[in-house]
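Chemist: So that we are looking at the same thing, I have put the structure below in structure tokens.
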Amino acid sequence: MTGLKVPRDRTIATATALLVGVAIGSVVVPMFANTDPLGVGDIAATGLVPPLGRDAEGAFHLLGTDRFGRDLFVRMMLAGRISLFIGVVGSLLAATLGTLIGAVAGARGGLIDRAIMAITDAFLGIPRLVLLLLAVAFWQPGISTVLIVLVATGWMGVARIVRGEVQGVRARPYVEAAVSIGASRRRVLWLHILPNAVGPAIVAATLGVGNAILLESGLSFLGLGIQPPDPSWGNMISGGRDLIVTAPWVALVPGVALILTVLAATLLGDGLRDMLAGEGAGTARVVSERA
Amino acid sequence: MIPAFLKRVLGVLGLFWLVITIVFALVRFAPGDPALFLVPPTATAEDAARLREELGLDRPVVVQYVLWATSVARGDFGDSFTTRGPVLEILGNAAPVSFGLGLASLFLTFAIGVPVGMLQAAFRSRPVDRILTVITTTVYAAPSFWLALALVAVFTYGATKLGLPPALRLPAFGLSTPGASLSGAAALLDLVRHSILPVATLAAVGAAGIARYTRSGVADILPRDYIRTARAKGASSARVYGRHVLRDLMPQLVVLFALSLPGIVAGSVFVESIFAWPGLGRAMLAAIEARDYPVVMGATVFYSAAVLLANLAADVALPILDPRRRRAP
């Protein structure tokens with residue numbers, strides 16, 4: 001797979017820029033904020049300032065403040081750290097696990113393949129959110145739990161794709177050539193089969209970032225993911241839920257960063273898929289489950 | 001034809017058994033003791049032990065598994081830890097709400113998503129397509145709970161603030177107006193008004209996804225020879241799309257129907273929670289909070305059965321809709 005050159009595609013460039021922008025913002029903005037995004041100030045003076053408003057102490061708030069007078073823009077970017085980290089790492093780990101499982105199934109074939117695929121299909125038979133809820137419900141909520149559970153429920157799509165690709169690549173002449181000159185099974189799998197089969201897995205992993213972020217935010221929204229006072233986009237939206245009629249911006253503002261990030265990940269995945277499809281590497285159409 | 005069908009059914013039953021096993025393993029190997037959550041903090045260790053025995057939690061895991069799997073096979077999900085009533089009764093009361101919500105949303109998802117995707121494909125790369133692509137991709141990226149809250153903000157808070165007519169101030173809570181004893185058409189209208197925001201939320205997210213797939217699916221179909229032939233014969237656009245394109249798209253749509261069910265399920269959990277609809281999702285969330293194992297497990301099995309059945313239905317329908325697949329085993 002020689003597909004990942006400098007992106008010339010406009011979609012890919014825009015999406016990458018957007019993702020990098022959110023990432024840099026989430027690192028930089030909280031560092032230079034003059035207010036503490038976790039602290040509680042003078043609520044009467046600074047609480048529930050609408051977007052583009054000034055509080056009673058004269059400070060300007062781009063996206064307004066929440067009921068504790070915390071600046072929503074700063075908090076939103078701080079939440080981006082956790083949400084982005086979980087989205088990217090969760091999706092990467094899930095794709096890695098899926099690649100390994102799919103590669104073993106595709107390369108071994110026979111009974112092992114059938115057993116693995118049966119288990120994969122059974123996992124796919126449980127709606128992912130329900131599976132997530134089931135797993136999260138009985139474990140201590142927190143970042144590591146959310147990560148583990150995202151990986152445990154997110155490997156199946158990639159496993160199926162990689163298995164199919166491996167089966168396709170296995171029949172190519174260069175694999176036969178490698179086998180015939182005496183390369184070991186493991187060497188053939190790692191050096192000849194997998195590098196030619198991971199393209200669609202990369203696409204699925206990229207699309208998976210958006211999914212993982214949505215699912216994390218969903219769990220946090222329900223109070224089963226990232227716990228306050230650590231901000232995540234999901235628990236920020238949840239925190240403004242009871243203010244939706246009086247101060248709707250508190251719940252709606254964090255969603256903007258969330259939507260932009262998921263949008264960028266989706267566009268990047270689409271762009272990569274089109275690029276790979278252009279090279280005849282097969283298309284990975286993953287119907288993903290949204291929160 | 002019949003042996004192939006039987007094989008599929010057996011396959012689905014096998015998968016169902018695996019699902020039951022996975023659910024059991026996930027719940028039983030998780031840390032935490034439900035008995036400790038169900039006794040008051042003042043209770044002694046003996047009280048907890050008695051409760052554990054009563055609920056069957058003290059038996060070996062294998063015994064618990066066999067007992068659970070065989071009762072599920074008989075359609076018995078045990079008793080709720082909290083209400084002490086049968087789980088099936090709780091799920092049975094909640095299922096129609098979720099089923100209605102899901103069915104209405106699925107219908108709208110396809111009724112809106114397919115035409116929008118076709119329109120985009122027909123005007124590919126033109127302004128209409130670009131605008132619709134921005135809209136569908138953005139809605140597709142939005143979490144259902146955020147969309148739901150945004151709709152609530154617009155149609156309750158916004159409606160009063162913008163001075164919209166009372167008909168547009170939509171209710172955002174429950175299934176019916178509390179305290180009002182309506183009947184007949186008035187009750188139905190009340191239910192419809194309460195359904196608009198929840199169904200719109202789910203249908204918007206679903207339709208955005210379906211439009212994305214329809215657009216690329218139709219784009220694959222349009223260059224085919226028989227489309228050119230139909231056009232050459234002078235068939236109208238409506239006939240080309242409504243008949244020839246749709247016919248070729250149908251098998252993909254059936255697969256999408258099965259694949260979009262988990263998404264509808266996920267969305268309905270959030271929507272039921274936000275709009276306080278007494279459906280399966282809300283029952284499951286309440287059970288999670290109360291550590292009510294049997295209800296959580298039962299709801300999971302319910303949802304999974306729906307997904308597996310939808311997949312089976314799609315499998316069976318495919319060769320009927322697509323003659324090219326009829327000879328496949």
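Please note that chains go A, B, ... in the order of the structure tokens, that every chain numbers its residues from 1, and that ligands are numbered from 1 in the order shown.
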If you run DSSP on the backbone, which residues of stretch 55-93 of chain B are helix (DSSP H, G or I), as a PyMOL selection string?

Modeler: chain B and resi 55+61-73+87-93

Chemist: Give me a file of those residues, with N, CA, C and O atoms, as a short mmCIF file (atom, residue, chain, number, x, y, z; two decimals), in the first residue's frame.

Modeler:
```
data_model
loop_
_atom_site.label_atom_id
_atom_site.label_comp_id
_atom_site.auth_asym_id
_atom_site.auth_seq_id
_atom_site.Cartn_x
_atom_site.Cartn_y
_atom_site.Cartn_z
N LEU B 55 -31.31 -14.60 45.37
CA LEU B 55 -31.24 -14.25 43.95
C LEU B 55 -30.45 -15.27 43.15
O LEU B 55 -30.29 -15.13 41.94
N VAL B 61 -20.80 -20.38 38.74
CA VAL B 61 -21.09 -19.62 37.53
C VAL B 61 -21.68 -20.51 36.44
O VAL B 61 -22.62 -20.13 35.74
N VAL B 62 -21.14 -21.74 36.34
CA VAL B 62 -21.63 -22.64 35.29
C VAL B 62 -23.10 -22.94 35.49
O VAL B 62 -23.90 -22.93 34.54
N VAL B 63 -23.47 -23.18 36.74
CA VAL B 63 -24.87 -23.47 37.04
C VAL B 63 -25.74 -22.27 36.68
O VAL B 63 -26.79 -22.39 36.03
N GLN B 64 -25.25 -21.07 37.07
CA GLN B 64 -26.00 -19.86 36.75
C GLN B 64 -26.18 -19.72 35.24
O GLN B 64 -27.25 -19.36 34.75
N TYR B 65 -25.09 -20.02 34.50
CA TYR B 65 -25.14 -19.89 33.04
C TYR B 65 -26.17 -20.83 32.44
O TYR B 65 -27.02 -20.42 31.64
N VAL B 66 -26.09 -22.11 32.85
CA VAL B 66 -27.01 -23.11 32.29
C VAL B 66 -28.45 -22.74 32.63
O VAL B 66 -29.34 -22.77 31.76
N LEU B 67 -28.66 -22.33 33.87
CA LEU B 67 -30.02 -21.94 34.28
C LEU B 67 -30.53 -20.78 33.44
O LEU B 67 -31.64 -20.79 32.93
N TRP B 68 -29.64 -19.77 33.26
CA TRP B 68 -30.07 -18.58 32.53
C TRP B 68 -30.34 -18.91 31.07
O TRP B 68 -31.38 -18.56 30.52
N ALA B 69 -29.38 -19.62 30.44
CA ALA B 69 -29.51 -19.93 29.01
C ALA B 69 -30.76 -20.76 28.75
O ALA B 69 -31.50 -20.51 27.79
N THR B 70 -31.04 -21.74 29.62
CA THR B 70 -32.22 -22.57 29.38
C THR B 70 -33.51 -21.79 29.62
O THR B 70 -34.47 -21.95 28.88
N SER B 71 -33.49 -20.89 30.62
CA SER B 71 -34.73 -20.12 30.80
C SER B 71 -34.94 -19.12 29.67
O SER B 71 -36.07 -18.92 29.25
N VAL B 72 -33.85 -18.52 29.17
CA VAL B 72 -34.01 -17.60 28.04
C VAL B 72 -34.57 -18.35 26.84
O VAL B 72 -35.44 -17.86 26.12
N ALA B 73 -34.06 -19.59 26.64
CA ALA B 73 -34.55 -20.40 25.53
C ALA B 73 -36.05 -20.65 25.66
O ALA B 73 -36.77 -20.78 24.67
N VAL B 87 -39.11 -10.15 34.43
CA VAL B 87 -38.44 -9.23 33.52
C VAL B 87 -39.24 -9.07 32.24
O VAL B 87 -39.36 -7.98 31.69
N LEU B 88 -39.80 -10.20 31.80
CA LEU B 88 -40.54 -10.19 30.53
C LEU B 88 -41.69 -9.19 30.57
O LEU B 88 -42.01 -8.54 29.57
N GLU B 89 -42.29 -9.04 31.76
CA GLU B 89 -43.40 -8.10 31.90
C GLU B 89 -42.91 -6.66 31.73
O GLU B 89 -43.52 -5.86 31.02
N ILE B 90 -41.75 -6.37 32.36
CA ILE B 90 -41.18 -5.03 32.25
C ILE B 90 -40.83 -4.73 30.79
O ILE B 90 -41.19 -3.68 30.25
N LEU B 91 -40.16 -5.71 30.15
CA LEU B 91 -39.76 -5.51 28.76
C LEU B 91 -40.97 -5.45 27.86
O LEU B 91 -41.04 -4.66 26.92
N GLY B 92 -41.96 -6.31 28.15
CA GLY B 92 -43.17 -6.35 27.33
C GLY B 92 -43.94 -5.05 27.38
O GLY B 92 -44.52 -4.62 26.38
N ASN B 93 -43.94 -4.40 28.55
CA ASN B 93 -44.63 -3.11 28.66
C ASN B 93 -43.89 -2.01 27.91
O ASN B 93 -44.51 -1.09 27.39
#
```

Chemist: Near A:Ala103, within 10 Å and counting only C-alpha atoms, which residues show up once chain neighbours fewer than 2 positions away are dropped, as a list in words?

Modeler: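 Surrounding residues, per the criterion: Leu97, Gly98, Thr99, Leu100, Ile101, Ala105, Gly106, Ala107, Arg108, Gly109, Asp113, Ala159, Arg160, Ile161, Val162, Arg163, Gly164, Glu165, Val166, Gln167, Leu189, Trp190, Ile193, Leu194, Ala197 and Val198 of chain A.
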
Chemist: Only C-alpha atoms, please: the residues just picked out, written as a CSV table (one decimal), in the first residue's frame.

Modeler:
```
chain,number,residue,atom,x,y,z
A,97,LEU,CA,-7.2,-5.7,17.5
A,98,GLY,CA,-9.6,-6.1,14.5
A,99,THR,CA,-6.7,-6.3,12.1
A,100,LEU,CA,-5.0,-9.1,14.1
A,101,ILE,CA,-8.2,-11.1,14.5
A,105,ALA,CA,-9.0,-15.7,10.5
A,106,GLY,CA,-8.2,-15.0,6.9
A,107,ALA,CA,-4.8,-16.6,6.9
A,108,ARG,CA,-5.6,-19.7,8.9
A,109,GLY,CA,-9.0,-20.5,7.3
A,113,ASP,CA,-11.8,-18.9,10.6
A,159,ALA,CA,-11.8,-7.8,11.5
A,160,ARG,CA,-14.3,-8.7,8.8
A,161,ILE,CA,-12.8,-6.2,6.3
A,162,VAL,CA,-9.2,-7.4,6.9
A,163,ARG,CA,-10.3,-11.1,6.8
A,164,GLY,CA,-11.8,-10.5,3.3
A,165,GLU,CA,-8.7,-8.6,2.1
A,166,VAL,CA,-6.3,-11.2,3.4
A,167,GLN,CA,-8.3,-13.9,1.6
A,189,LEU,CA,1.5,-13.0,6.7
A,190,TRP,CA,3.4,-10.0,8.1
A,193,ILE,CA,-0.2,-10.3,3.0
A,194,LEU,CA,-0.9,-7.7,5.7
A,197,ALA,CA,-4.6,-5.7,3.1
A,198,VAL,CA,-4.5,-2.9,5.6
```

Chemist: For chain A, list the residues within 9 Å of chain B, counting only C-alpha atoms, and write the list as a ChimeraX atom specification.

Modeler: /A:118-119,121-131,133-135,137-140,210-211,214-215,217-218,221-222,237,241,244-248,251-252,255-256,258-264,266-267,287-291

Chemist: Atom CA of A:Val74 and atom CA of A:Val27, how far apart in Å?

Modeler: 10.4 Å
